[in-house]
Amino acid sequence: MNRDERKKNTPLALGLVAIIAMSCLATVNLAMNSIPSPIRVACVGDSITEGTYYPMDLMILLGTNYSVGNFGVGGSAVSLDSGKPYMNEDAFQGAKAFQPNIVLIMLGANDASPLNSPSNDSFVEGYVQLIGAFQMLSSKPKMYIVKPPPVFSDETGLNPEFFLKNIIPNIEKVAEQTNLPIIDAYSALTNNSNLFPDGVHPNAEGAQLIANTIYQAITQHPN
């Protein structure tokens, strides 16, 4: 091929290279766009969420199609009249910014403390308000109310009797008012006091039982 022929064919060759490159890029983009985003799960709660392995165990159970965020705050309560309302915590804002597809709320244990129990009258109202804040998100998350495990002793300052007779019925009342499903970690752990060294916080085995209970609920009844 002489020099004139090479000059004539150079633009054609460059054009073919450009077309091939654009085709490869389009294929890569198509492949990337076809990969579904993970389902975001926000674990909202107190120290039973923040300080145990339950969210991590749940993430392992759910697998790579899910992304689980731990938004627990130790000592937090439901009632806005309590000493540490969950809705006043940074984790609440973080949970909303996470734009979850699923929200698991497991709160109420700290509302059974003698300091917070006088505000029990505003428990239902505060819980409904918390739920409403998540329901307003653009991600339109599926909401689950998780009934916390039993309070087995008053070692941490919580009142087991008040928790059973007031907090648990109020959680059920919230579920009825909001028409949301309950995941019953309370019943699942009732006969496992040995898994709660201080009467409130589960050990690794107890956390695994909580995760198993939640996993079964959200995978067997996703809608």
# chains A, B, ... in the order shown; residues from 1 in each chain; ligands from 1
$ select_by_dssp --residues "range 136-220 of chain A" --states "alpha helix (DSSP H)" --output "MDAnalysis selection string"
chainID A and resid 160:162 168:178 185:189 204:220
$ residues_around --residues "Phe162 in chain A" --least-positions-apart "6" --cutoff "12 Å" --atoms "only C-alpha atoms" --output "PDB file with C-alpha atoms, in the first residue's frame"
ATOM      1  CA  GLY A 108     -39.564   0.186  73.811  1.00  0.00           C
ATOM      2  CA  ALA A 109     -37.277  -1.425  76.378  1.00  0.00           C
ATOM      3  CA  ASN A 110     -35.969   1.892  77.693  1.00  0.00           C
ATOM      4  CA  ASP A 111     -39.493   3.233  77.998  1.00  0.00           C
ATOM      5  CA  ALA A 112     -39.813   0.761  80.866  1.00  0.00           C
ATOM      6  CA  SER A 113     -37.206   2.535  82.970  1.00  0.00           C
ATOM      7  CA  PRO A 114     -38.521   4.315  86.087  1.00  0.00           C
ATOM      8  CA  ASN A 116     -39.255   7.168  81.413  1.00  0.00           C
ATOM      9  CA  SER A 117     -42.316   5.245  82.548  1.00  0.00           C
ATOM     10  CA  PRO A 118     -44.187   8.430  83.622  1.00  0.00           C
ATOM     11  CA  ASN A 120     -45.929   6.188  78.932  1.00  0.00           C
ATOM     12  CA  PRO A 150     -38.505  -9.777  77.231  1.00  0.00           C
ATOM     13  CA  VAL A 151     -36.923  -7.796  80.049  1.00  0.00           C
ATOM     14  CA  PHE A 152     -35.907 -10.699  82.266  1.00  0.00           C
ATOM     15  CA  SER A 153     -34.607  -8.750  85.252  1.00  0.00           C
ATOM     16  CA  ASP A 154     -34.218  -5.256  86.686  1.00  0.00           C
ATOM     17  CA  ILE A 168     -45.893  -4.664  74.991  1.00  0.00           C
ATOM     18  CA  PRO A 169     -49.643  -3.861  74.847  1.00  0.00           C
ATOM     19  CA  ASN A 170     -48.835  -0.351  73.603  1.00  0.00           C
TER      20      ASN A 170
END
$ select_by_dssp --residues "range 97-155 of chain A" --states "strand (DSSP E or B)" --output "list of chain:residue names"
A:Ile102, A:Val103, A:Leu104, A:Ile105, A:Met106, A:Lys142, A:Met143, A:Tyr144, A:Ile145, A:Val146, A:Lys147
$ atom_distance --atom1 "CA of Asn101 in chain A" --atom2 "CA of Ser187 in chain A"
25.9 Å
$ residues_around --residues "Asn65 in chain A" --least-positions-apart "5" --cutoff "8 Å" --atoms "only C-alpha atoms" --output "PyMOL selection string"
chain A and resi 37-39
$ write_last_selection --atoms "N, CA and C atoms" --output "PDB file, in the first residue's frame"
ATOM      1  N   SER A  37     -29.781  -2.814  42.393  1.00  0.00           N
ATOM      2  CA  SER A  37     -29.250  -2.221  43.617  1.00  0.00           C
ATOM      3  C   SER A  37     -29.665  -3.078  44.795  1.00  0.00           C
ATOM      4  N   PRO A  38     -28.818  -3.177  45.817  1.00  0.00           N
ATOM      5  CA  PRO A  38     -29.200  -3.978  46.986  1.00  0.00           C
ATOM      6  C   PRO A  38     -30.393  -3.363  47.702  1.00  0.00           C
ATOM      7  N   ILE A  39     -31.197  -4.217  48.318  1.00  0.00           N
ATOM      8  CA  ILE A  39     -32.339  -3.774  49.116  1.00  0.00           C
ATOM      9  C   ILE A  39     -31.805  -3.254  50.448  1.00  0.00           C
TER      10      ILE A  39
END
$ residues_around --residues "Gly51 in chain A" --least-positions-apart "5" --cutoff "9 Å" --atoms "only C-alpha atoms" --output "ChimeraX atom specification"
/A:46,72-74,201
$ decode --residues "range 130-214 of chain A" --atoms "C-alpha atoms" --output "PDB file, in the first residue's frame"
ATOM      1  CA  LEU A 130     -41.690   7.830  64.256  1.00  0.00           C
ATOM      2  CA  ILE A 131     -43.338   5.460  61.796  1.00  0.00           C
ATOM      3  CA  GLY A 132     -44.858   8.361  59.882  1.00  0.00           C
ATOM      4  CA  ALA A 133     -41.458   9.999  59.450  1.00  0.00           C
ATOM      5  CA  PHE A 134     -40.148   6.899  57.672  1.00  0.00           C
ATOM      6  CA  GLN A 135     -43.308   6.471  55.621  1.00  0.00           C
ATOM      7  CA  MET A 136     -42.778   9.941  54.160  1.00  0.00           C
ATOM      8  CA  LEU A 137     -39.436   8.953  52.617  1.00  0.00           C
ATOM      9  CA  SER A 138     -39.220   8.824  48.834  1.00  0.00           C
ATOM     10  CA  SER A 139     -38.043   5.199  49.089  1.00  0.00           C
ATOM     11  CA  LYS A 140     -41.491   4.266  50.489  1.00  0.00           C
ATOM     12  CA  PRO A 141     -40.095   1.592  52.795  1.00  0.00           C
ATOM     13  CA  LYS A 142     -41.862  -1.520  53.964  1.00  0.00           C
ATOM     14  CA  MET A 143     -42.292  -1.057  57.712  1.00  0.00           C
ATOM     15  CA  TYR A 144     -42.050  -3.732  60.397  1.00  0.00           C
ATOM     16  CA  ILE A 145     -42.654  -3.270  64.122  1.00  0.00           C
ATOM     17  CA  VAL A 146     -40.403  -5.636  66.046  1.00  0.00           C
ATOM     18  CA  LYS A 147     -41.662  -6.543  69.491  1.00  0.00           C
ATOM     19  CA  PRO A 148     -38.476  -6.531  71.645  1.00  0.00           C
ATOM     20  CA  PRO A 149     -37.289  -9.535  73.628  1.00  0.00           C
ATOM     21  CA  PRO A 150     -38.505  -9.777  77.231  1.00  0.00           C
ATOM     22  CA  VAL A 151     -36.923  -7.796  80.049  1.00  0.00           C
ATOM     23  CA  PHE A 152     -35.907 -10.699  82.266  1.00  0.00           C
ATOM     24  CA  SER A 153     -34.607  -8.750  85.252  1.00  0.00           C
ATOM     25  CA  ASP A 154     -34.218  -5.256  86.686  1.00  0.00           C
ATOM     26  CA  GLU A 155     -30.425  -5.509  86.750  1.00  0.00           C
ATOM     27  CA  THR A 156     -30.055  -2.676  84.221  1.00  0.00           C
ATOM     28  CA  GLY A 157     -32.723  -0.547  85.889  1.00  0.00           C
ATOM     29  CA  LEU A 158     -35.630  -1.522  83.635  1.00  0.00           C
ATOM     30  CA  ASN A 159     -38.905  -2.722  85.120  1.00  0.00           C
ATOM     31  CA  PRO A 160     -39.853  -6.170  83.739  1.00  0.00           C
ATOM     32  CA  GLU A 161     -43.453  -5.965  84.978  1.00  0.00           C
ATOM     33  CA  PHE A 162     -44.021  -2.487  83.532  1.00  0.00           C
ATOM     34  CA  PHE A 163     -42.511  -3.615  80.241  1.00  0.00           C
ATOM     35  CA  LEU A 164     -44.847  -6.608  80.023  1.00  0.00           C
ATOM     36  CA  LYS A 165     -48.038  -4.887  81.194  1.00  0.00           C
ATOM     37  CA  ASN A 166     -47.604  -1.509  79.503  1.00  0.00           C
ATOM     38  CA  ILE A 167     -44.986  -1.415  76.754  1.00  0.00           C
ATOM     39  CA  ILE A 168     -45.893  -4.664  74.991  1.00  0.00           C
ATOM     40  CA  PRO A 169     -49.643  -3.861  74.847  1.00  0.00           C
ATOM     41  CA  ASN A 170     -48.835  -0.351  73.603  1.00  0.00           C
ATOM     42  CA  ILE A 171     -46.640  -1.765  70.821  1.00  0.00           C
ATOM     43  CA  GLU A 172     -49.547  -3.973  69.789  1.00  0.00           C
ATOM     44  CA  LYS A 173     -51.794  -0.913  69.856  1.00  0.00           C
ATOM     45  CA  VAL A 174     -49.395   0.931  67.541  1.00  0.00           C
ATOM     46  CA  ALA A 175     -49.418  -1.984  65.093  1.00  0.00           C
ATOM     47  CA  GLU A 176     -53.205  -1.980  65.109  1.00  0.00           C
ATOM     48  CA  GLN A 177     -53.436   1.775  64.543  1.00  0.00           C
ATOM     49  CA  THR A 178     -50.881   1.820  61.745  1.00  0.00           C
ATOM     50  CA  ASN A 179     -51.899  -1.521  60.216  1.00  0.00           C
ATOM     51  CA  LEU A 180     -48.290  -2.666  60.215  1.00  0.00           C
ATOM     52  CA  PRO A 181     -46.995  -6.216  60.698  1.00  0.00           C
ATOM     53  CA  ILE A 182     -45.412  -7.226  63.994  1.00  0.00           C
ATOM     54  CA  ILE A 183     -42.300  -9.391  64.167  1.00  0.00           C
ATOM     55  CA  ASP A 184     -42.551 -11.095  67.543  1.00  0.00           C
ATOM     56  CA  ALA A 185     -39.045 -11.344  68.957  1.00  0.00           C
ATOM     57  CA  TYR A 186     -40.662 -11.267  72.408  1.00  0.00           C
ATOM     58  CA  SER A 187     -42.314 -14.680  72.037  1.00  0.00           C
ATOM     59  CA  ALA A 188     -39.307 -16.105  70.206  1.00  0.00           C
ATOM     60  CA  LEU A 189     -37.036 -15.356  73.181  1.00  0.00           C
ATOM     61  CA  THR A 190     -39.464 -15.826  76.101  1.00  0.00           C
ATOM     62  CA  ASN A 191     -37.973 -19.136  77.208  1.00  0.00           C
ATOM     63  CA  ASN A 192     -34.350 -18.108  76.692  1.00  0.00           C
ATOM     64  CA  SER A 193     -33.472 -16.004  79.722  1.00  0.00           C
ATOM     65  CA  ASN A 194     -30.109 -17.801  79.824  1.00  0.00           C
ATOM     66  CA  LEU A 195     -29.158 -15.947  76.620  1.00  0.00           C
ATOM     67  CA  PHE A 196     -29.505 -12.546  78.340  1.00  0.00           C
ATOM     68  CA  PRO A 197     -26.625 -12.181  80.815  1.00  0.00           C
ATOM     69  CA  ASP A 198     -27.891  -8.881  82.266  1.00  0.00           C
ATOM     70  CA  GLY A 199     -31.569  -9.614  81.725  1.00  0.00           C
ATOM     71  CA  VAL A 200     -31.916  -7.234  78.751  1.00  0.00           C
ATOM     72  CA  HIS A 201     -29.086  -7.580  76.230  1.00  0.00           C
ATOM     73  CA  PRO A 202     -28.723 -10.856  74.324  1.00  0.00           C
ATOM     74  CA  ASN A 203     -25.451 -12.695  73.955  1.00  0.00           C
ATOM     75  CA  ALA A 204     -24.287 -13.866  70.529  1.00  0.00           C
ATOM     76  CA  GLU A 205     -26.715 -16.788  70.492  1.00  0.00           C
ATOM     77  CA  GLY A 206     -29.617 -14.575  71.537  1.00  0.00           C
ATOM     78  CA  ALA A 207     -28.772 -12.029  68.850  1.00  0.00           C
ATOM     79  CA  GLN A 208     -28.742 -14.841  66.289  1.00  0.00           C
ATOM     80  CA  LEU A 209     -32.242 -15.880  67.386  1.00  0.00           C
ATOM     81  CA  ILE A 210     -33.469 -12.302  66.933  1.00  0.00           C
ATOM     82  CA  ALA A 211     -31.902 -12.172  63.466  1.00  0.00           C
ATOM     83  CA  ASN A 212     -33.430 -15.541  62.534  1.00  0.00           C
ATOM     84  CA  THR A 213     -36.888 -14.403  63.650  1.00  0.00           C
ATOM     85  CA  ILE A 214     -36.674 -11.205  61.618  1.00  0.00           C
TER      86      ILE A 214
END
